[in-house]
Every structure is written in C-alpha cells, then in structure tokens.
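work.txt (compact mmCIF, C-alpha atoms and all ligand atoms)
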# COMPACT_ATOMS: atom_id res chain seq x y z
CA MET Q 1 -0.14 -11.04 -1.71
CA LYS Q 2 0.93 -10.25 1.86
CA ASP Q 3 4.21 -11.49 3.34
CA SER Q 4 4.58 -13.01 6.82
CA PHE Q 5 4.69 -9.53 8.37
CA GLY Q 6 1.57 -8.17 6.70
CA ARG Q 7 3.37 -6.18 4.01
CA GLU Q 8 1.61 -6.17 0.63
CA ILE Q 9 4.19 -7.26 -1.96
CA ASP Q 10 3.21 -5.58 -5.20
CA TYR Q 11 6.53 -4.49 -6.73
CA LEU Q 12 9.03 -6.57 -8.72
CA ARG Q 13 12.44 -5.26 -9.77
CA ILE Q 14 13.93 -7.20 -12.63
CA SER Q 15 17.60 -7.04 -13.53
CA ILE Q 16 17.65 -7.86 -17.23
CA THR Q 17 21.43 -7.88 -17.62
CA ASP Q 18 24.56 -7.71 -15.48
CA ARG Q 19 26.37 -5.83 -18.28
CA CYS Q 20 26.86 -2.10 -18.43
CA ASN Q 21 28.39 0.50 -20.72
CA LEU Q 22 29.71 2.42 -17.67
CA ARG Q 23 31.95 1.42 -14.77
CA CYS Q 24 30.74 3.44 -11.78
CA ARG Q 25 33.32 3.21 -9.02
CA TYR Q 26 30.80 2.29 -6.33
CA CYS Q 27 28.98 -0.31 -8.41
CA MET Q 28 31.02 -2.06 -11.09
CA PRO Q 29 34.52 -0.59 -11.14
CA GLN Q 30 36.97 -1.27 -13.95
CA GLY Q 31 38.53 -4.68 -13.83
CA VAL Q 32 36.31 -6.48 -11.33
CA ASP Q 33 33.34 -7.46 -13.48
CA VAL Q 34 32.89 -11.00 -14.65
CA LYS Q 35 30.09 -11.07 -17.21
CA LYS Q 36 27.62 -13.90 -17.29
CA ALA Q 37 27.38 -15.81 -20.56
CA HIS Q 38 24.23 -15.08 -22.60
CA SER Q 39 22.99 -18.62 -21.95
CA GLU Q 40 23.03 -17.92 -18.20
CA ILE Q 41 20.77 -14.90 -18.57
CA LEU Q 42 16.97 -15.21 -18.66
CA SER Q 43 15.45 -14.89 -22.11
CA PHE Q 44 12.67 -12.34 -22.72
CA GLU Q 45 10.13 -15.20 -22.76
CA GLU Q 46 11.39 -16.47 -19.39
CA ILE Q 47 11.26 -12.97 -17.88
CA ALA Q 48 7.71 -12.47 -19.16
CA GLU Q 49 6.60 -15.83 -17.77
CA ILE Q 50 7.99 -15.04 -14.31
CA ALA Q 51 6.50 -11.53 -14.44
CA GLU Q 52 3.09 -12.93 -15.38
CA ALA Q 53 3.19 -15.37 -12.45
CA ALA Q 54 4.21 -12.54 -10.09
CA ILE Q 55 1.33 -10.40 -11.38
CA GLY Q 56 -0.95 -13.34 -10.60
CA LEU Q 57 0.21 -13.06 -6.98
CA GLY Q 58 -0.49 -9.34 -6.77
CA VAL Q 59 2.50 -7.55 -8.32
CA ARG Q 60 1.26 -4.30 -9.92
CA LYS Q 61 4.51 -2.50 -10.63
CA ILE Q 62 7.63 -3.73 -12.41
CA ARG Q 63 10.94 -1.88 -12.71
CA LEU Q 64 13.54 -3.01 -15.24
CA THR Q 65 17.10 -2.39 -14.20
CA GLY Q 66 20.54 -4.00 -14.39
CA GLY Q 67 23.49 -3.50 -15.12
CA GLU Q 68 22.35 -1.10 -17.77
CA PRO Q 69 19.01 -2.31 -19.15
CA LEU Q 70 19.41 -0.37 -22.41
CA VAL Q 71 22.52 -2.33 -23.41
CA ARG Q 72 20.40 -5.46 -23.77
CA ARG Q 73 19.50 -5.91 -27.41
CA GLY Q 74 15.81 -5.63 -28.21
CA MET Q 75 15.01 -4.17 -24.79
CA PRO Q 76 11.95 -2.19 -26.08
CA GLU Q 77 10.55 -5.50 -27.31
CA LEU Q 78 10.73 -6.91 -23.77
CA CYS Q 79 8.98 -3.74 -22.51
CA GLY Q 80 6.19 -4.34 -25.01
CA MET Q 81 5.79 -7.94 -23.83
CA LEU Q 82 5.59 -6.87 -20.18
CA SER Q 83 3.34 -3.84 -20.61
CA ALA Q 84 0.83 -6.08 -22.42
CA LEU Q 85 0.44 -8.33 -19.35
CA PRO Q 86 -3.05 -7.85 -17.88
CA GLY Q 87 -2.97 -6.53 -14.32
CA LEU Q 88 0.31 -4.63 -14.58
CA GLU Q 89 -0.23 -0.97 -13.69
CA GLU Q 90 3.27 0.49 -13.97
CA LEU Q 91 6.34 -0.44 -15.98
CA CYS Q 92 9.37 1.65 -15.03
CA VAL Q 93 12.99 1.61 -16.12
CA THR Q 94 16.10 2.64 -14.17
CA THR Q 95 18.87 3.66 -16.55
CA ASN Q 96 22.09 5.63 -16.60
CA GLY Q 97 20.41 7.56 -19.43
CA THR Q 98 23.41 7.58 -21.75
CA LEU Q 99 21.66 5.59 -24.49
CA LEU Q 100 18.20 7.19 -24.34
CA SER Q 101 18.96 9.56 -27.19
CA ALA Q 102 20.62 6.87 -29.30
CA ALA Q 103 18.82 5.55 -32.34
CA CYS Q 104 16.65 2.49 -31.78
CA PRO Q 105 17.69 -0.14 -34.36
CA PHE Q 106 14.19 -1.59 -34.91
CA PRO Q 107 11.56 1.05 -34.13
CA SER Q 108 7.87 0.21 -34.31
CA ALA Q 109 5.73 2.23 -36.69
CA ASN Q 110 4.19 4.21 -33.81
CA ALA Q 111 7.49 5.23 -32.29
CA ALA Q 112 8.70 6.36 -35.69
CA ILE Q 113 6.13 9.16 -35.76
CA GLY Q 114 7.61 12.39 -34.53
CA HIS Q 115 10.46 11.22 -32.27
CA GLN Q 116 13.64 11.60 -34.25
CA SER Q 117 17.02 11.16 -32.65
CA GLY Q 118 19.87 13.58 -33.33
CA ILE Q 119 21.31 11.17 -35.87
CA GLY Q 120 18.17 10.62 -37.86
CA GLY Q 121 16.40 7.59 -36.31
CA VAL Q 122 13.85 6.97 -33.57
CA THR Q 123 15.38 7.40 -30.12
CA LEU Q 124 15.46 4.54 -27.62
CA ALA Q 125 13.49 6.85 -25.29
CA ALA Q 126 10.69 7.05 -27.89
CA ALA Q 127 10.81 3.30 -28.44
CA LEU Q 128 10.43 2.69 -24.69
CA LYS Q 129 7.51 5.10 -24.47
CA ASP Q 130 5.87 3.41 -27.41
CA ALA Q 131 6.43 -0.01 -25.80
CA GLY Q 132 4.38 1.04 -22.76
CA VAL Q 133 7.07 2.16 -20.29
CA THR Q 134 5.33 4.51 -17.87
CA ARG Q 135 8.26 6.21 -16.12
CA LEU Q 136 12.04 6.54 -16.16
CA ASN Q 137 14.61 6.91 -13.37
CA ILE Q 138 17.86 8.33 -14.71
CA SER Q 139 21.06 8.11 -12.67
CA LEU Q 140 23.20 11.24 -12.52
CA ASP Q 141 25.64 11.86 -9.67
CA THR Q 142 27.41 15.02 -10.83
CA LEU Q 143 26.99 17.93 -13.25
CA ASP Q 144 30.73 18.33 -13.72
CA PRO Q 145 31.81 16.67 -17.00
CA GLU Q 146 35.26 15.66 -15.69
CA LYS Q 147 33.90 14.27 -12.44
CA TYR Q 148 31.24 12.39 -14.38
CA THR Q 149 33.87 10.73 -16.54
CA LYS Q 150 35.86 9.87 -13.41
CA ILE Q 151 33.03 8.36 -11.34
CA THR Q 152 31.58 6.41 -14.29
CA GLY Q 153 34.95 5.12 -15.53
CA GLY Q 154 34.77 6.89 -18.89
CA GLY Q 155 31.16 8.07 -19.42
CA ARG Q 156 30.22 11.45 -20.96
CA LEU Q 157 27.94 13.81 -19.06
CA GLU Q 158 26.64 15.15 -22.37
CA ASP Q 159 25.15 11.75 -23.21
CA VAL Q 160 23.00 11.75 -20.05
CA LEU Q 161 21.87 15.32 -20.62
CA LEU Q 162 20.89 14.40 -24.19
CA GLY Q 163 19.13 11.36 -22.72
CA LEU Q 164 17.09 13.59 -20.43
CA GLU Q 165 16.09 15.72 -23.42
CA ALA Q 166 15.16 12.60 -25.37
CA ALA Q 167 13.00 11.40 -22.47
CA ASP Q 168 11.17 14.74 -22.40
CA ALA Q 169 10.80 14.75 -26.19
CA ALA Q 170 9.39 11.22 -26.10
CA GLY Q 171 6.66 12.44 -23.73
CA PHE Q 172 7.86 10.92 -20.45
CA THR Q 173 6.60 12.75 -17.39
CA GLY Q 174 7.42 12.23 -13.71
CA THR Q 175 11.03 11.36 -14.56
CA LYS Q 176 13.27 10.93 -11.51
CA ILE Q 177 16.98 11.66 -11.31
CA ASN Q 178 18.90 9.35 -8.95
CA ALA Q 179 22.01 10.90 -7.40
CA VAL Q 180 24.01 8.73 -5.01
CA LEU Q 181 25.66 10.94 -2.37
CA ILE Q 182 29.40 10.30 -2.05
CA GLY Q 183 31.48 12.14 0.52
CA GLY Q 184 34.28 14.21 -0.97
CA PHE Q 185 32.86 13.67 -4.45
CA ASN Q 186 29.46 15.26 -4.95
CA ASP Q 187 28.42 16.53 -1.50
CA SER Q 188 29.46 20.00 -2.72
CA GLU Q 189 26.98 19.71 -5.62
CA ILE Q 190 23.77 19.15 -3.68
CA ARG Q 191 22.47 22.62 -4.58
CA ASP Q 192 23.37 22.29 -8.27
CA LEU Q 193 21.82 18.84 -8.60
CA ALA Q 194 18.65 19.88 -6.74
CA GLY Q 195 18.51 22.88 -9.10
CA LEU Q 196 17.64 20.51 -11.95
CA SER Q 197 14.14 20.45 -10.43
CA THR Q 198 13.70 24.23 -10.64
CA HIS Q 199 12.50 24.49 -14.23
CA ARG Q 200 11.61 20.88 -14.97
CA ASN Q 201 8.81 18.80 -13.55
CA ILE Q 202 11.18 16.08 -12.34
CA GLU Q 203 12.14 14.66 -8.95
CA VAL Q 204 15.82 14.82 -8.03
CA ARG Q 205 16.45 12.08 -5.48
CA PHE Q 206 19.48 11.97 -3.22
CA ILE Q 207 20.31 8.37 -2.27
CA GLU Q 208 22.55 7.22 0.55
CA LEU Q 209 25.44 5.04 -0.59
CA MET Q 210 24.88 1.45 0.56
CA PRO Q 211 27.87 -0.71 1.57
CA VAL Q 212 27.15 -3.27 -1.14
CA GLY Q 213 29.90 -4.67 -3.42
CA ALA Q 214 32.50 -2.12 -4.52
CA ALA Q 215 30.91 0.66 -2.45
CA ALA Q 216 31.95 -1.11 0.75
CA GLY Q 217 35.59 -0.55 -0.18
CA LEU Q 218 35.24 3.23 -0.57
CA GLY Q 219 35.80 3.88 3.13
CA ALA Q 220 33.70 5.47 5.86
CA GLY Q 221 34.21 8.99 4.47
CA ALA Q 222 32.26 8.07 1.32
CA PHE Q 223 29.01 7.67 3.25
CA ILE Q 224 27.02 10.89 3.52
CA SER Q 225 23.76 10.91 5.43
CA SER Q 226 20.84 12.35 3.53
CA ASP Q 227 20.49 14.85 6.41
CA GLU Q 228 23.26 16.70 4.59
CA VAL Q 229 20.73 17.52 1.86
CA LEU Q 230 18.50 19.25 4.38
CA LYS Q 231 21.49 21.12 5.81
CA ALA Q 232 22.65 22.22 2.36
CA LEU Q 233 19.13 23.32 1.34
CA PRO Q 234 17.46 24.82 4.44
CA GLU Q 235 14.84 26.49 2.23
CA LEU Q 236 13.33 23.14 1.15
CA GLU Q 237 9.58 22.94 1.70
CA GLU Q 238 8.44 19.55 2.99
CA LEU Q 239 5.77 17.85 0.86
CA GLU Q 240 5.93 14.38 2.48
CA PRO Q 241 7.59 13.89 5.88
CA ALA Q 242 11.33 13.09 5.61
CA ARG Q 243 10.96 12.02 1.97
CA LEU Q 244 9.71 14.61 -0.49
CA TYR Q 245 10.52 18.31 -0.66
CA ARG Q 246 10.41 21.27 -3.04
CA LEU Q 247 12.68 24.23 -3.62
CA PRO Q 248 10.59 27.41 -3.31
CA GLY Q 249 8.88 28.14 -6.63
CA ALA Q 250 10.33 25.04 -8.32
CA LYS Q 251 8.36 23.05 -10.89
CA GLY Q 252 9.79 19.73 -9.68
CA ARG Q 253 10.64 18.09 -6.37
CA VAL Q 254 13.59 16.92 -4.30
CA GLY Q 255 13.47 13.43 -2.79
CA ILE Q 256 15.55 11.84 -0.08
CA ILE Q 257 16.17 8.09 -0.01
CA SER Q 258 17.80 7.00 3.26
CA PRO Q 259 18.28 3.23 3.26
CA ILE Q 260 21.08 3.52 5.84
CA SER Q 261 20.12 6.28 8.28
CA CYS Q 262 16.41 5.43 8.18
CA SER Q 263 15.78 1.87 7.04
CA PHE Q 264 12.46 1.35 5.25
CA CYS Q 265 12.13 -2.39 5.91
CA GLY Q 266 8.77 -1.80 7.61
CA SER Q 267 7.20 -0.67 4.35
CA CYS Q 268 9.24 -2.83 1.95
CA ASN Q 269 6.90 -4.03 -0.80
CA ARG Q 270 9.37 -5.55 -3.26
CA LEU Q 271 10.93 -8.67 -4.65
CA ARG Q 272 13.95 -8.74 -6.94
CA LEU Q 273 14.57 -11.04 -9.90
CA THR Q 274 18.23 -11.37 -10.90
CA ALA Q 275 19.29 -11.61 -14.54
CA ASP Q 276 20.26 -15.27 -14.02
CA GLY Q 277 16.86 -16.23 -12.65
CA TYR Q 278 16.91 -16.03 -8.86
CA ILE Q 279 14.41 -14.22 -6.67
CA LYS Q 280 15.98 -12.18 -3.90
CA PRO Q 281 13.41 -11.56 -1.17
CA CYS Q 282 15.71 -8.93 0.42
CA LEU Q 283 18.48 -6.86 -1.19
CA HIS Q 284 20.78 -7.30 1.81
CA SER Q 285 20.29 -11.01 2.38
CA ASP Q 286 22.09 -13.87 0.70
CA ARG Q 287 18.91 -15.87 0.44
CA GLU Q 288 17.97 -16.54 -3.19
CA ILE Q 289 15.32 -18.78 -4.71
CA LYS Q 290 15.93 -20.21 -8.17
CA VAL Q 291 12.93 -19.75 -10.44
CA ARG Q 292 14.57 -20.38 -13.81
CA GLY Q 293 13.20 -23.59 -15.30
CA LEU Q 294 10.01 -23.54 -13.21
CA HIS Q 295 6.58 -23.21 -14.81
CA SER Q 296 2.89 -22.89 -13.88
CA ALA Q 297 2.08 -24.16 -10.39
CA GLU Q 298 5.75 -24.77 -9.48
CA LEU Q 299 6.72 -21.25 -10.47
CA GLU Q 300 3.79 -19.77 -8.58
CA GLU Q 301 4.68 -21.79 -5.47
CA ALA Q 302 8.35 -20.68 -5.62
CA LEU Q 303 7.26 -17.03 -5.85
CA ARG Q 304 4.82 -17.54 -2.98
CA GLN Q 305 7.64 -19.01 -0.85
CA ALA Q 306 9.91 -16.11 -1.78
CA ILE Q 307 7.28 -13.63 -0.59
CA LEU Q 308 6.72 -15.58 2.63
CA SER Q 309 10.45 -15.76 3.30
CA LYS Q 310 10.98 -12.00 3.18
CA PRO Q 311 12.77 -11.16 6.44
CA LYS Q 312 11.22 -8.65 8.81
CA GLU Q 313 14.30 -6.46 8.41
CA HIS Q 314 17.93 -6.60 7.38
CA GLY Q 315 20.85 -6.37 9.79
CA ARG Q 316 22.37 -3.06 10.74
CA LEU Q 317 24.20 -1.48 7.80
CA THR Q 318 26.99 0.94 8.49
CA PRO Q 319 29.97 1.88 6.35
CA GLY Q 320 31.98 -0.65 8.36
CA HIS Q 321 29.27 -3.33 8.39
CA MET Q 322 28.91 -4.99 5.01
CA THR Q 323 25.62 -6.18 3.71
CA GLU Q 324 25.24 -9.97 3.75
CA THR Q 325 24.73 -10.23 0.00
CA LYS Q 326 27.69 -11.41 -2.08
CA ARG Q 327 26.36 -9.95 -5.34
CA SER Q 328 27.45 -6.54 -6.60
CA MET Q 329 24.78 -3.93 -7.38
CA ASN Q 330 24.95 -4.48 -11.15
CA ARG Q 331 24.21 -8.16 -10.52
CA ILE Q 332 21.32 -7.49 -8.10
CA GLY Q 333 19.63 -4.63 -9.91
CA GLY Q 334 19.76 -1.51 -7.75
N1 LIG E 401 22.58 1.17 -14.83
C1 LIG E 401 21.36 1.71 -14.33
C2 LIG E 401 21.60 2.99 -13.58
O1 LIG E 401 22.75 3.29 -13.25
O2 LIG E 401 20.62 3.67 -13.29
C3 LIG E 401 20.56 0.74 -13.50
C4 LIG E 401 21.29 -0.14 -12.54
S1 LIG E 401 22.09 0.72 -11.18
C5 LIG E 401 22.71 -0.63 -10.25
C6 LIG E 401 20.64 1.27 -10.30
C7 LIG E 401 20.87 2.35 -9.28
O3 LIG E 401 21.63 1.81 -8.20
C8 LIG E 401 21.65 3.56 -9.78
O4 LIG E 401 20.91 4.73 -9.49
C9 LIG E 401 22.92 3.53 -8.99
O5 LIG E 401 23.43 4.81 -8.76
C10 LIG E 401 22.47 2.83 -7.72
N2 LIG E 401 23.54 2.22 -6.96
C11 LIG E 401 24.52 1.41 -7.38
N3 LIG E 401 25.33 1.04 -6.36
C12 LIG E 401 24.83 1.65 -5.25
C13 LIG E 401 25.19 1.66 -3.88
N4 LIG E 401 26.23 1.00 -3.43
N5 LIG E 401 24.43 2.39 -3.00
C14 LIG E 401 23.35 3.08 -3.45
N6 LIG E 401 22.95 3.11 -4.73
C15 LIG E 401 23.68 2.40 -5.62
FE1 LIG E 402 26.40 0.69 -14.65
FE2 LIG E 402 24.35 1.65 -13.29
FE3 LIG E 402 26.29 0.31 -12.03
FE4 LIG E 402 26.85 2.69 -13.02
S1 LIG E 402 25.36 2.25 -11.39
S2 LIG E 402 28.10 0.83 -13.27
S3 LIG E 402 25.58 2.76 -14.80
S4 LIG E 402 24.89 -0.52 -13.50

Could you render the structure as structure tokens?
Amino acid sequence: MKDSFGREIDYLRISITDRCNLRCRYCMPQGVDVKKAHSEILSFEEIAEIAEAAIGLGVRKIRLTGGEPLVRRGMPELCGMLSALPGLEELCVTTNGTLLSAACPFPSANAAIGHQSGIGGVTLAAALKDAGVTRLNISLDTLDPEKYTKITGGGRLEDVLLGLEAADAAGFTGTKINAVLIGGFNDSEIRDLAGLSTHRNIEVRFIELMPVGAAAGLGAGAFISSDEVLKALPELEELEPARLYRLPGAKGRVGIISPISCSFCGSCNRLRLTADGYIKPCLHSDREIKVRGLHSAELEEALRQAILSKPKEHGRLTPGHMTETKRSMNRIGG
C-alpha cells in the first residue's frame, strides 16, 4: 500500500528481541541496557499474525533483527512460520554473525543433511536456510581481533569469521557485511574491510553512524561521512550511482549507506515493528502505534494508519542534533 506521499510500503523490519550477546559501544554499551521481561516481548504467534496482516497490505519483504535475533530461543522456528506466509517474497536476517556457526539445538530433518557445525551438530546458519531465510546481513566493523573485542564489549572476531563460513556452507548467497564507520576507530580499515569482497561474492556495506542512543554520546569526531570510502578507494567502479561499487576484478561489491549525508527519506519503503509490539513509521520519530493485542480488522486498520502516518522526512540529523526517538538501536531494530 502507498503512504500519504506516494511511497510504496513493502518492507517490514521486525525486532524480535532487545537482548544481545554483544555490547557494541555505539548501540548497547555495557551497563546501560535494561532488558524487557519475556512477557513484554511479542510471542512468535503474535509476530506471525502482525506479519500476515502487513503482507495483506502489501509488505513483500521482512527483515528480522534486534538486539541479536539469534539469541532468541527457537528463532529458526519463527523463520519457518514467516517464510510459509503466502505473499512474502524475501525473509532476511540481520545478525552480528557470532552464533551462525553454533549448533542449532533442535534442527529439522532437512537441515541435518550435510550442514555440520564444528562441534558436531547442525549450524544455526543451516537451520535458518532450511527455515526459508533468503539472505543474511552480518555486522562486522573491524578485522582486528583486539579492536573487535573492544568495540563489541567482549566479542571474538573469530566467531564472526566462523559465522561467515557457516553462512557460505549453508548455501547462503548475496550475503552483506555491515560495517559502521567510526572516526578514529575503523576509518583506517576501509581498504581491508572492502577487501572482503575481492574473493567472495558478498557486498561490504559502509554505513554512516547515526546519532541514535549511545552513538550520540560518542562525539562529533566519531561521525565519518561515507565520502571517505570513495576517497580511500579511488579505484572503485560505480555500479549504481552513489550506492553500489566494485573493486576492480572483485567477485563481490562495495556498498555505501549514507543516512546522514544523503537522507533517503524520499524512497523510504519501510515500517518497523518493535519487540514489544509497537509499529514505528519512522526510525527517527517518537511516534509509535501499539499493535499488540489487536486482531483482524483492528490490526489491519492500525497498520494502515501507521503507513499513512509515515512522515515525509525526518528532521536534520547531525552529530550534534539527536534523533527524536528515545529508543536505543537494539530496542528499535537497526
Ligand atoms: N545484532 C544485530 C547486528 O548487530 O547486526 C542486529 C541488530 S543491530 C541494531 C543492526 C545494525 O544496526 C548493525 O549493523 C549495527 O551495526 C547497526 N547500528 C547500530 N547502531 C547504529 C548507529 N547508531 N548508527 C548506524 N548503525 C547502527
Ligand atoms: Fe548487539 Fe547488534 Fe547492537 Fe552490537 S549492534 S550491541 S551486536 S544489537
């Protein structure tokens, strides 16, 4: 369905948990997270009901995110429920990747064929593939093990790299790597991170840091414009204007996501569903519409109103100008 400004809204991002096994400094730093109780979080049945209603209004793509979606128990089961919904064309997952190579506790018979994890079970990556997930985005901001542990508040780089292998082994294609650019932290690694696309058919995407939640406290120096990627890699060949590039001879691609220096409100096609059951028509607005507890015609009407209340654009975002939203990224679903 179209919103009030003629944009076709066909994409729903669902945060399935506010919990995470990492503590990235710009998202959910140590000490500041207050977890929601399980009873406050939508059940799988509630998520599927809302997703089905959204599909009825024209949603064709769903992305599961969080927090870390893979820390939610039984997550492949939810993927199976969603991928079975008629009309859904794509089911994607954004993950920090650290659990993709872990053993799935309750694999289906299909996933058990040929996708063994390092410790003898079926990997979560294989279980997701089997449950109908079409594509993965894996977050990785640095290739330096010590820096990785520092930025993620204790994570291990090796776990993400194993996760990437597990995704490949499970048969995922078109995997994207999300790297948030942070001044003084990983701006010296643009070439190394982009290099991941040389021999693999993946897209390495450099994302501008948004002043949401903890990131707003990192100071103006933390914001790096995605123009820096073009400066660091003058040899990039443009595939799509100002968005998609390729290193000469590379198998994969390099993407640039510039929510700050080049807002994409004009082509925004998405709604967000928070883990506690609110629709956010715009990431940067405080407006939220409660859909938990609604069913059938009431649920459909609430979703319709959410689509119609999408703002034309959000206010100016600069490192000094905070977003309007009070939620942190792990509670919105980045
Ligand atoms: N835990 C999963 C992960 O890290 O991929 C999914 C949730 S995380 C909130 C989704 C994405 O949002 C990640 O790629 C993360 O780097 C990004 N992110 C978090 N805070 C951000 C911020 N302030 N600006 C830009 N991207 C941010
Ligand atoms: Fe967790 Fe993802 Fe936020 Fe990092 S960016 S703290 S992995 S939710």

Would you name the residues within 10 Å of ligand LIG 402 (chain E), counting all atoms listed in the file, and put them as a VMD selection string? chain Q and resid 15 17 to 30 33 65 to 69 94 to 98 138 to 141 151 to 153 155 178 180 328 to 334

So, counting all atoms listed in the file, which residue among Q:Leu209, Q:Ala170, Q:Ile289, Q:Ala48 is closest to ligand LIG 401 (chain E)?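 The closest residue to ligand LIG 401 (chain E) is Q:Leu209.
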
Selection: 12 Å around Asp168 (chain Q), only C-alpha atoms, excl. self and same-chain fewer than 6 positions, as an MDAnalysis selection string: chainID Q and resid 100:101 115 123 125:126 129 135:136 161:162 174:176 200:202

Using all atoms listed in the file, give me every residue within 6 Å of (20.4, -10.9, 4.5) in file coordinates, as number ranges by chain. Q: 284-286, 314, 324

Dump as a Markdown table the rows for residues of region 110-190 of chain Q within 10 Å of region 232-247 of chain Q: closest atom pair and distance in Å with one decimal, all atoms listed in the file counted, ordered by chain and rising residue number.
| residue | atom | partner | partner_atom | distance |
| --- | --- | --- | --- | --- |
| Q:Asp187 | CA | Q:Ala232 | CA | 9.0 |
| Q:Ser188 | CA | Q:Ala232 | CA | 8.8 |
| Q:Glu189 | CA | Q:Ala232 | CA | 9.4 |
| Q:Ile190 | CA | Q:Ala232 | CA | 6.9 |

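Between CA of Pro105 (chain Q) and CA of Pro76 (chain Q) the interatomic distance comes to 10.3 Å.
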
Minimum-distance residue to ligand LIG 401 (chain E), chosen among Q:Ala194, Q:Met1, Q:Leu271, Q:Leu283 (using only C-alpha atoms and all ligand atoms):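 Nearest candidate to ligand LIG 401 (chain E) out of Q:Ala194, Q:Met1, Q:Leu271, Q:Leu283: Q:Leu283.
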
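Distances from Q:Ile182, Q:Ala102, Q:Ala215, Q:Leu78 to ligand LIG 401 (chain E) were compared using all atoms listed in the file, and the smallest one belongs to Q:Ala215.
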
Edge lengths and centre in Å to one decimal, as AutoDock Vina command-line options, is what I'm after for the box along x, y and z that holds all listed atoms of region 96-101 of chain Q once 4 Å is added on each side.
--center_x 20.8 --center_y 7.6 --center_z -21.9 --size_x 13.2 --size_y 12.0 --size_z 18.6
